[in-house]
>>> print(open('query.txt').read())   # compact mmCIF, C-alpha atoms
# COMPACT_ATOMS: atom_id res chain seq x y z
CA MET A 91 7.69 -10.73 -19.83
CA THR A 92 5.50 -9.34 -17.13
CA THR A 93 7.22 -9.74 -13.83
CA PRO A 94 5.27 -8.90 -10.74
CA GLU A 95 7.54 -8.43 -7.80
CA THR A 96 6.29 -7.80 -4.35
CA SER A 97 8.36 -6.59 -1.46
CA THR A 98 7.58 -5.06 1.86
CA ARG A 99 7.25 -1.63 0.37
CA SER A 100 5.98 -1.74 -3.17
CA VAL A 101 4.57 -3.63 -6.09
CA ILE A 102 6.71 -3.49 -9.24
CA VAL A 103 5.55 -4.66 -12.63
CA GLU A 104 7.86 -4.42 -15.65
CA LYS A 105 7.24 -5.25 -19.27
CA GLU A 106 8.75 -4.55 -22.63
CA PHE A 107 6.33 -3.42 -25.31
CA PRO A 108 7.16 -3.55 -29.03
CA HIS A 109 6.13 0.09 -29.44
CA PRO A 110 8.07 3.37 -29.28
CA PRO A 111 8.06 5.35 -26.01
CA GLN A 112 5.98 8.15 -27.55
CA LYS A 113 3.15 5.72 -28.19
CA VAL A 114 3.32 4.11 -24.77
CA TRP A 115 3.38 7.60 -23.28
CA ARG A 116 0.14 8.47 -25.09
CA ALA A 117 -1.53 5.36 -23.64
CA LEU A 118 -0.43 6.44 -20.16
CA THR A 119 -1.48 10.07 -20.45
CA GLU A 120 -4.47 10.45 -22.79
CA SER A 121 -7.68 10.17 -20.82
CA SER A 122 -9.60 8.19 -23.44
CA LEU A 123 -6.74 5.70 -23.79
CA ILE A 124 -6.25 5.37 -20.02
CA ALA A 125 -9.95 4.50 -19.82
CA GLN A 126 -9.37 1.61 -22.20
CA TRP A 127 -6.66 -0.16 -20.24
CA LEU A 128 -6.85 1.17 -16.69
CA MET A 129 -10.01 2.94 -15.55
CA GLU A 130 -12.48 5.70 -16.35
CA ASN A 131 -10.79 8.96 -15.40
CA ASP A 132 -10.42 12.72 -15.76
CA PHE A 133 -6.65 12.63 -15.96
CA GLN A 134 -4.60 15.51 -17.35
CA PRO A 135 -0.80 15.37 -17.66
CA LEU A 136 -0.22 18.41 -15.46
CA ALA A 137 1.74 18.33 -12.21
CA GLY A 138 -0.60 19.17 -9.35
CA HIS A 139 -3.74 18.16 -11.26
CA SER A 140 -6.22 16.27 -9.08
CA PHE A 141 -8.22 13.53 -10.74
CA THR A 142 -10.14 10.36 -10.00
CA LEU A 143 -9.95 6.87 -11.37
CA ARG A 144 -13.31 5.13 -11.27
CA MET A 145 -14.21 1.50 -11.36
CA ALA A 146 -17.33 -0.47 -10.53
CA PRO A 147 -18.34 0.02 -6.89
CA ALA A 148 -17.80 -2.94 -4.59
CA PRO A 149 -19.28 -3.72 -1.17
CA ASN A 150 -17.96 -1.11 1.28
CA TRP A 151 -16.28 0.80 -1.53
CA ASN A 152 -17.55 3.44 -3.98
CA GLY A 153 -15.02 2.48 -6.66
CA VAL A 154 -13.30 5.87 -6.68
CA ILE A 155 -9.55 6.30 -6.40
CA ASP A 156 -8.44 9.86 -5.62
CA CYS A 157 -5.25 10.85 -7.37
CA GLN A 158 -2.99 13.82 -7.91
CA VAL A 159 -0.28 14.17 -10.52
CA ILE A 160 3.16 14.49 -8.94
CA ALA A 161 5.52 14.53 -11.91
CA VAL A 162 5.25 14.57 -15.68
CA GLU A 163 8.36 14.15 -17.83
CA PRO A 164 7.00 13.52 -21.32
CA GLY A 165 8.11 10.20 -22.74
CA ARG A 166 10.06 9.31 -19.60
CA THR A 167 8.31 9.46 -16.23
CA LEU A 168 4.81 9.85 -14.86
CA SER A 169 3.86 9.63 -11.22
CA TYR A 170 0.70 10.27 -9.27
CA THR A 171 -0.69 9.65 -5.83
CA TRP A 172 -3.23 6.87 -5.44
CA GLY A 173 -5.68 7.23 -2.58
CA ALA A 174 -8.01 4.34 -1.88
CA PHE A 175 -9.34 2.56 1.19
CA GLY A 176 -7.80 5.21 3.41
CA LEU A 177 -4.36 4.39 2.07
CA GLU A 178 -2.21 6.93 0.30
CA SER A 179 0.25 5.38 -2.12
CA VAL A 180 2.23 6.53 -5.15
CA VAL A 181 2.27 5.07 -8.65
CA THR A 182 5.30 5.79 -10.84
CA PHE A 183 5.71 4.81 -14.49
CA THR A 184 9.18 4.89 -16.00
CA LEU A 185 9.73 4.47 -19.75
CA THR A 186 13.07 3.42 -21.21
CA PRO A 187 13.65 3.10 -24.96
CA THR A 188 14.98 -0.31 -26.07
CA ASP A 189 15.97 -1.81 -29.42
CA ALA A 190 12.61 -3.54 -29.61
CA GLY A 191 10.45 -0.71 -28.30
CA THR A 192 9.88 0.43 -24.76
CA HIS A 193 10.61 -1.01 -21.38
CA LEU A 194 7.87 0.10 -19.00
CA ARG A 195 8.34 -0.12 -15.26
CA MET A 196 5.47 0.56 -12.85
CA GLU A 197 6.14 0.90 -9.17
CA HIS A 198 3.21 1.19 -6.79
CA ALA A 199 4.74 2.20 -3.49
CA GLY A 200 2.70 2.27 -0.34
CA PHE A 201 5.30 1.34 2.19
CA GLY A 202 8.38 3.34 3.09
CA PRO A 203 11.84 1.80 2.95
CA ASP A 204 13.32 3.58 5.94
CA GLN A 205 12.30 1.49 8.87
CA GLU A 206 12.87 -2.01 7.60
CA ALA A 207 16.24 -2.43 9.22
CA ALA A 208 14.78 -1.58 12.61
CA TYR A 209 12.73 -4.75 12.56
CA LYS A 210 15.40 -7.26 11.66
CA GLY A 211 15.61 -10.18 14.00
CA ALA A 212 11.91 -10.07 14.61
CA ASN A 213 10.13 -12.95 16.25
CA TYR A 214 7.50 -13.12 13.56
CA GLY A 215 8.01 -13.55 9.86
CA TRP A 216 5.28 -11.10 9.01
CA GLN A 217 6.79 -8.39 11.13
CA LYS A 218 8.61 -6.96 8.11
CA PHE A 219 5.29 -5.47 7.18
CA LEU A 220 5.57 -3.10 10.07
CA GLY A 221 8.49 -1.42 8.35
CA GLY A 222 6.59 1.10 6.35
CA LEU A 223 3.54 1.71 8.47
CA GLU A 224 4.69 5.16 9.45
CA GLN A 225 4.39 6.45 5.89
CA VAL A 226 1.19 4.64 5.16
CA VAL A 227 -0.64 5.82 8.20
CA ALA A 228 0.59 9.35 7.65
CA GLY A 229 -2.06 9.54 4.94
CA LEU A 230 -4.86 8.79 7.36
CA ASP A 231 -7.03 11.22 9.26
CA MET B 107 -10.36 -4.90 -1.34
CA PRO B 108 -11.06 -5.73 2.28
CA SER B 109 -11.88 -2.99 4.69
CA ALA B 110 -9.87 -5.08 7.15
CA ALA B 111 -6.74 -3.30 5.91
CA ASP B 112 -8.42 0.01 6.57
CA ASN B 113 -9.25 -0.95 10.17
CA LEU B 114 -5.74 -2.22 10.64
CA PHE B 115 -4.11 1.02 9.54
CA LYS B 116 -6.46 3.08 11.67
CA ALA B 117 -5.66 0.99 14.72
CA LEU B 118 -1.95 1.46 14.11
CA ALA B 119 -2.18 5.14 13.21
CA ASP B 120 -1.54 6.25 16.79
CA PRO B 121 2.21 6.26 17.58
CA THR B 122 1.77 5.10 21.19
CA ARG B 123 -0.54 2.32 20.13
CA ARG B 124 1.85 1.29 17.39
CA ALA B 125 4.74 1.25 19.89
CA ILE B 126 2.76 -1.04 22.19
CA PHE B 127 1.95 -3.36 19.33
CA GLU B 128 5.55 -3.43 18.14
CA ARG B 129 6.81 -4.24 21.63
CA LEU B 130 4.39 -7.16 21.92
CA ALA B 131 5.47 -8.37 18.48
CA ARG B 132 9.17 -8.12 19.33
CA GLU B 133 9.19 -9.31 22.91
CA GLY B 134 6.14 -11.53 23.15
CA ASP B 135 3.44 -11.88 25.78
CA GLN B 136 3.35 -9.08 28.39
CA THR B 137 1.14 -7.79 31.19
CA VAL B 138 -0.51 -4.38 31.22
CA HIS B 139 1.80 -3.45 34.11
CA ALA B 140 4.94 -4.31 32.17
CA LEU B 141 3.70 -2.40 29.14
CA THR B 142 2.77 0.63 31.23
CA ALA B 143 6.21 0.77 32.82
CA ARG B 144 7.72 1.60 29.45
CA ALA B 145 4.89 3.20 27.50
CA GLY B 146 5.28 6.72 28.85
CA VAL B 147 1.54 7.01 29.46
CA SER B 148 -0.78 6.02 32.31
CA GLN B 149 -2.14 2.53 32.81
CA PRO B 150 -5.72 3.55 31.85
CA MET B 151 -4.31 4.91 28.58
CA VAL B 152 -2.37 1.71 27.94
CA SER B 153 -5.53 -0.29 28.64
CA LYS B 154 -7.47 1.90 26.23
CA HIS B 155 -4.87 1.39 23.50
CA LEU B 156 -4.87 -2.36 24.14
CA SER B 157 -8.66 -2.41 23.78
CA ALA B 158 -8.37 -0.67 20.41
CA LEU B 159 -5.72 -3.14 19.29
CA LYS B 160 -7.94 -5.98 20.44
CA ARG B 161 -10.92 -4.62 18.51
CA ALA B 162 -8.75 -4.55 15.39
CA ARG B 163 -7.80 -8.16 16.16
CA LEU B 164 -4.16 -7.22 16.40
CA VAL B 165 -3.74 -8.56 19.93
CA ARG B 166 -5.48 -11.02 22.21
CA ASN B 167 -5.56 -11.22 25.98
CA ARG B 168 -5.77 -13.92 28.59
CA ARG B 169 -6.11 -13.80 32.36
CA LYS B 170 -3.35 -15.39 34.38
CA GLY B 171 -3.96 -15.00 38.09
CA ARG B 172 -4.56 -11.34 38.85
CA GLU B 173 -2.86 -10.12 35.71
CA THR B 174 -4.04 -9.88 32.11
CA HIS B 175 -1.44 -10.90 29.58
CA TYR B 176 -1.49 -9.54 26.05
CA SER B 177 0.06 -11.07 22.95
CA VAL B 178 -0.08 -10.36 19.21
CA GLN B 179 -2.37 -12.31 16.93
CA PRO B 180 -0.16 -14.33 14.57
CA ARG B 181 -2.22 -13.41 11.51
CA ALA B 182 -2.81 -9.83 12.59
CA LEU B 183 -1.08 -8.23 9.63
CA ALA B 184 -2.46 -10.55 6.97
CA PRO B 185 -4.58 -7.77 5.42
CA LEU B 186 -1.35 -5.95 4.57
CA GLU B 187 -0.06 -8.95 2.68
CA ASP B 188 -3.40 -9.13 0.90
CA TRP B 189 -3.12 -5.46 -0.01
CA ILE B 190 0.25 -5.98 -1.69
CA GLY B 191 -0.86 -9.19 -3.36
CA HIS B 192 -4.01 -7.53 -4.64
CA TYR B 193 -2.14 -4.73 -6.36
CA GLY B 194 0.44 -7.12 -7.84
CA ALA B 195 -2.31 -9.05 -9.63
CA PHE B 196 -4.16 -5.84 -10.47
CA TRP B 197 -1.23 -4.19 -12.27
CA GLN B 198 -0.19 -7.35 -14.03
CA SER B 199 -3.62 -7.68 -15.61
CA LYS B 200 -3.64 -3.95 -16.46
CA PHE B 201 -0.28 -4.28 -18.22
CA ASP B 202 -1.68 -7.12 -20.32
CA ARG B 203 -4.58 -4.88 -21.26
CA LEU B 204 -2.20 -2.00 -22.04
CA GLY B 205 -0.36 -4.28 -24.47
CA GLU B 206 -3.62 -4.99 -26.27
CA ILE B 207 -4.50 -1.30 -26.48
CA LEU B 208 -1.07 -0.45 -27.89
CA GLU B 209 -1.62 -3.02 -30.63
CA ARG B 210 -4.89 -1.35 -31.57
CA MET B 211 -3.64 2.25 -31.48
CA ASP B 212 -2.57 3.96 -34.67
CA LYS B 213 1.17 4.23 -35.09
>>> encode(input="query.txt", output="C-alpha cells")
Amino acid sequence: MTTPETSTRSVIVEKEFPHPPQKVWRALTESSLIAQWLMENDFQPLAGHSFTLRMAPAPNWNGVIDCQVIAVEPGRTLSYTWGAFGLESVVTFTLTPTDAGTHLRMEHAGFGPDQEAAYKGANYGWQKFLGGLEQVVAGLD
Amino acid sequence: MPSAADNLFKALADPTRRAIFERLAREGDQTVHALTARAGVSQPMVSKHLSALKRARLVRNRRKGRETHYSVQPRALAPLEDWIGHYGAFWQSKFDRLGEILERMDK
C-alpha cells in the first residue's frame, strides 16, 4: 500500500515492492531509470555530487530542481537536497528487505522538528506550520 | 507550485519580522506601539516590518481612533499547507510509476 502521510515537517510515502532491494536501488540511482519514473536528470550516486531534476516548465517556474547528493549507502539509503521555489528540503529514501521484496520509505523533509513544542497552545490551528520555518528560511537568500 | 509560498517564506525570513508575526498569531490584535515596546527595534522599523508582512498578506490592519491595530490573516499560512499537500500527491504518483518501471526492468 502507498501511504502518504503529511505532518508539519515532512511528507512520507511508504510502499512495499515485490522486487529485491538491489533492483529498487538501481531504479533510484541509475540516471536513465530515474528519468523513467521521476524526472530527467544528471544524477550520479556520489556524495557531494550536484545535479538537477528537470520537468516541464510551469508559469513562474523553469521546471528545474537543484539537488546535491548527501548520502549514498548502496542498497540501503539515498538522500539528496531538493531546492525548488526558493525552498531547500531534503529527500531521503530508505530500503528495507522484506520476505516479499523491498519496503521503500521516502521522506521529503522541509520543516524542522525542533520548534513545534514552542507553539503548543496556539490560538490558531494552522500555527503549527510555524514550527519549522527557521530551517526552511535558512535556505533563502 | 504557487509562488505564494515563495513570497511567504521571504516575508518570514527576517527574524524580527517573524517574531512580530508570531506574537500577533499568539496574542492576537495589537497596536504598533504595543509591538514596538517588545520588539527591540524602533517604531519606524516595526512599521516597516508590518508593511512587509501586510504585502505578503500575512497581517491586516485597521484604524481604531489614533492607533492602527494589526492582526494576522487567518489563511495567511495556507500556501505552506499547499506545499506539503502538493508533495504528498507528487510522491505518491511517482511511487506508482516506480512500481511500473520495476515491473519492466530486467531481473
>>> interface_residues(input="query.txt", of="chain B", to="chain A", cutoff="6 Å", atoms="only C-alpha atoms", output="list in words")
Ala119, Arg132, Gly194, Arg203 and Leu204 of chain B
>>> atom_distance(input="query.txt", atom1="atom CA of Trp115 of chain A", atom2="atom CA of Thr182 of chain A")
12.7 Å
>>> atom_distance(input="query.txt", atom1="atom CA of Asn152 of chain A", atom2="atom CA of Glu130 of chain A")
13.6 Å
>>> atom_distance(input="query.txt", atom1="atom CA of Lys200 of chain B", atom2="atom CA of Thr192 of chain A")
16.5 Å
>>> closest_residue(input="query.txt", among="B:Asp202, B:Pro180, B:Ala117, B:Gly134", to="Leu156 of chain B", atoms="all atoms listed in the file")
B:Ala117
>>> residues_around(input="query.txt", residues="Ser140 of chain A", least_positions_apart="4", cutoff="8 Å", atoms="all atoms listed in the file", output="PDB file with C-alpha atoms, keeping the file's coordinate frame")
ATOM      1  CA  PHE A 133      -6.650  12.630 -15.960  1.00  0.00           C
ATOM      2  CA  ASP A 156      -8.440   9.860  -5.620  1.00  0.00           C
ATOM      3  CA  CYS A 157      -5.250  10.850  -7.370  1.00  0.00           C
ATOM      4  CA  GLN A 158      -2.990  13.820  -7.910  1.00  0.00           C
ATOM      5  CA  VAL A 159      -0.280  14.170 -10.520  1.00  0.00           C
TER       6      VAL A 159
END
>>> closest_residue(input="query.txt", among="B:Arg144, B:Lys116, B:His192, B:His175", to="Arg161 of chain B", atoms="all atoms listed in the file")
B:Lys116
>>> closest_residue(input="query.txt", among="A:Gly173, A:Ser122, A:Leu143, A:Arg166", to="Ile207 of chain B", atoms="only C-alpha atoms")
A:Ser122
>>> residues_around(input="query.txt", residues="His155 of chain B", least_positions_apart="4", cutoff="8 Å", atoms="all atoms listed in the file", output="NGL selection string")
:B and (122-123 or 151 or 159)
>>> closest_residue(input="query.txt", among="A:Met145, A:Thr171, A:Thr188, A:Phe183", to="Phe201 of chain B", atoms="all atoms listed in the file")
A:Phe183
